[in-house]
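Peer 1: What follows is a structure written as structure tokens; I'll ask about it next.
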Amino acid sequence: MGAVTDDEVIRKRLLIDGDGAGDDRRINLLVKSFIKWCNSGSQEEGYSQYQRMLSTLSQCEFSMGKTLLVYDMNLREMENYEKIYKDIEYDALAKVIQHHPDRHETLKQLEALGKELQHLSHIKENVEDKLELRRKQFHVLLSTIHELQQTLENDEKLSEAEESQETQMETETKQ
């Protein structure tokens, strides 16, 4: 077997001893004292062993009472921490809620936005109606321009035909 280091011994003792109060040592001493008391020959030696046992027993009871008090205190502290945690969560949530407007204010904003949307829809309809009117007017204008061009072209063809007839008549009269 390898050499056992001091650190390993200390770790094992702490694991056995629990919180390091020496309870296991006290109990071992109490058992040894009890065995010595049982085997004691004289009454004086028995009485001193008995007193040591009572002293060790009272130390064990004190340690146990102290451990119970620490355990109870830890339970109360856990409850306090849970309560504090809930309070912190509540406060954090309250801060987030404070950044947002209340329901009445939100409803007023929604109503104002609804009215603005309705107004903008009305404006859009008016603009679309105007645009449609302008399209129709533009179509009429284009149709009129097209008809005017046709008329001008027809007039031009007619005047060319008349000129050509006049030239032909002049040439015929000259001949």
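So you can find residues: chains in the structure tokens are A, B, ... in the order shown, residues in each start at 1, and ligands are numbered from 1 in order.
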Using only C-alpha atoms, which protein or nucleic acid residues come within 12 Å of A:Cys60? Drop anything in the same chain fewer than 4 positions from it, and give the result as an MDAnalysis selection string.
Peer 2: chainID A and resid 21:30 53:56 64:67
Peer 1: Give the answer as one residue: which of A:His99, A:Ser33, A:Met73, A:Leu93 has the shortest atom-to-atom distance to A:Tyr47, using only C-alpha atoms?
Peer 2: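 Checking each of A:His99, A:Ser33, A:Met73, A:Leu93 against A:Tyr47, counting only C-alpha atoms, the winner is A:Ser33.
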Peer 1: Hey, can you check how far atom CA of A:Lys83 sits from atom CA of A:Leu68?
Peer 2: 22.7 Å
Peer 1: Quote the spacing between atom CA of A:Glu111 and atom CA of A:Val127 in Å to one decimal place.
Peer 2: 24.3 Å
